[in-house]
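Encoded as structure tokens, the structure appears first; notes follow it.
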Amino acid sequence: MEERGLSDYFVIDSAGISAKSAGEEADQNSRRIAREHGIELRSVSRQIQPSDLDKFDLILAMDHKNFDALQEMDLKELYSGKIYLVREFDPEPGTIAVPDPDISHADVLQDAFIILQRSCR
């Protein structure tokens, strides 16, 4: 967004389905790979909340498991039009899931970064 001068028009956040890493910084391998691409990861992990479904206009899931969990949060089926798999926006979708960056292997993290960057352009 910053590259295109659009950061004042968007609020971008990241949250996970699980609370297992809530309150933690991204691991050092994730931060290193982001830095290699000119991005400084300063975020702290948090668990997604039902109120996020209302707060955000677009909610992107990394894989079907997360997509299904987000759909289950939408008890009144009010938000299905704003929940998507991130790879639905990937011009080279391949498999529909983003490799799990929680694994922390450098090659998996690098692949996930490239897919996310390409999907969000």
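Ligands are numbered from 1 in the order shown, residues from 1 within each chain, and chains are lettered A, B, ... in the order they appear in the structure tokens.
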- Item | Near-Ser14 (chain A) list (8 Å; only C-alpha atoms; drop same-chain fewer than 2 positions) as a PyMOL selection string | chain A and resi 12+16+45-46
Contacts of Met73 (chain A) at 9 Å or less, counting only C-alpha atoms, minus same-chain residues fewer than 6 places along, as a compact mmCIF listing (two decimals) with N, CA and C atoms, in the first residue's frame?
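Contents of around-v2.txt, freshly written:
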# COMPACT_ATOMS: atom_id res chain seq x y z
N GLN A 49 -11.30 -11.97 16.39
CA GLN A 49 -12.49 -11.85 17.24
C GLN A 49 -13.73 -11.76 16.35
N PRO A 50 -14.88 -12.22 16.82
CA PRO A 50 -16.11 -12.09 16.03
C PRO A 50 -16.37 -10.65 15.59
N LEU A 53 -15.24 -9.45 12.09
CA LEU A 53 -16.05 -9.70 10.91
C LEU A 53 -16.85 -8.47 10.51
- Provide the CA of Asp52 (chain A) to CA of Ser80 (chain A) distance in Å, to one decimal place.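 Those two atoms sit 12.9 Å apart.
Candidate residues A:Glu2, A:Leu109, A:Gln71, A:Cys120 were compared for distance to Arg31 (chain A), and the nearest is A:Leu109, using only C-alpha atoms.
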- DSSP alpha helix (DSSP H) residues within chain A, listed as a ChimeraX atom specification: /A:28-36,50-55,64-73,106-119
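Counting only C-alpha atoms and comparing A:Asp63, A:Asp27, A:Asp74, A:Glu3, the residue that lies closest to Ile39 (chain A) is A:Glu3.
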Excluding same-chain residues fewer than 4 positions from Pro99 (chain A), what lies within 9 Å of it counting only C-alpha atoms, as an mmCIF file with C-alpha atoms, in the first residue's frame?
data_model
loop_
_atom_site.group_PDB
_atom_site.id
_atom_site.type_symbol
_atom_site.label_atom_id
_atom_site.label_comp_id
_atom_site.auth_asym_id
_atom_site.auth_seq_id
_atom_site.Cartn_x
_atom_site.Cartn_y
_atom_site.Cartn_z
ATOM 1 C CA MET A 62 -4.786 -18.660 4.214
ATOM 2 C CA ASP A 63 -6.412 -22.065 3.703
ATOM 3 C CA ILE A 103 6.102 -24.006 10.248
ATOM 4 C CA VAL A 108 8.121 -22.391 3.427
ATOM 5 C CA LEU A 109 8.200 -18.836 4.768
ATOM 6 C CA ASP A 111 7.061 -19.329 -0.549
ATOM 7 C CA ALA A 112 4.294 -17.971 1.689
ATOM 8 C CA ILE A 115 2.320 -15.967 -2.655
#
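Remark: for Ala34 (chain A), the closest of the candidate residues A:Glu72, A:His64, A:Gln110, A:Phe56 is A:Gln110 (distances computed over only C-alpha atoms).
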- Message: Measuring between only C-alpha atoms, which one of A:Ala69, A:Ile48, A:Ala106, A:Gly94 shows the shortest distance to Ser21 (chain A)?
- Response: A:Ile48
- With only C-alpha atoms as the atoms that count, which of A:Ile17, A:His105, A:Gln47, A:Arg35 lies nearest to Phe67 (chain A)?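 Looking only at the distances to Phe67 (chain A), the closest residue turns out to be A:Ile17.
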- Find the residue from A:Asp100, A:Tyr79, A:Leu60, A:Asn66 that sits nearest to Phe113 (chain A); use only C-alpha atoms when measuring.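 Closest to Phe113 (chain A), using only C-alpha atoms: A:Asp100.
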- One-decimal distance in Å that lies between CA of Leu58 (chain A) and CA of Gly81 (chain A):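 We find that CA of Gly81 (chain A) and CA of Leu58 (chain A) lie 8.5 Å from each other.
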- What does the distance between CA of Asp57 (chain A) and CA of Lys82 (chain A) come to in Å, to one decimal place?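 Computed distance, CA of Asp57 (chain A) to CA of Lys82 (chain A), equals 6.1 Å.
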- Task: Please return as a ChimeraX atom specification: the residues of chain A that backbone DSSP assigns to strand (DSSP E).
- Result: /A:59-61,83-85
Write to file, as a CSV table (one decimal), in the first residue's frame, the residues of the selection just made, with C-alpha atoms.
chain,number,residue,atom,x,y,z
A,59,ILE,CA,-11.1,-10.9,5.5
A,60,LEU,CA,-8.7,-13.3,3.8
A,61,ALA,CA,-8.0,-16.8,5.0
A,83,ILE,CA,-14.6,-13.7,3.6
A,84,TYR,CA,-12.3,-15.2,0.9
A,85,LEU,CA,-9.3,-17.4,0.5
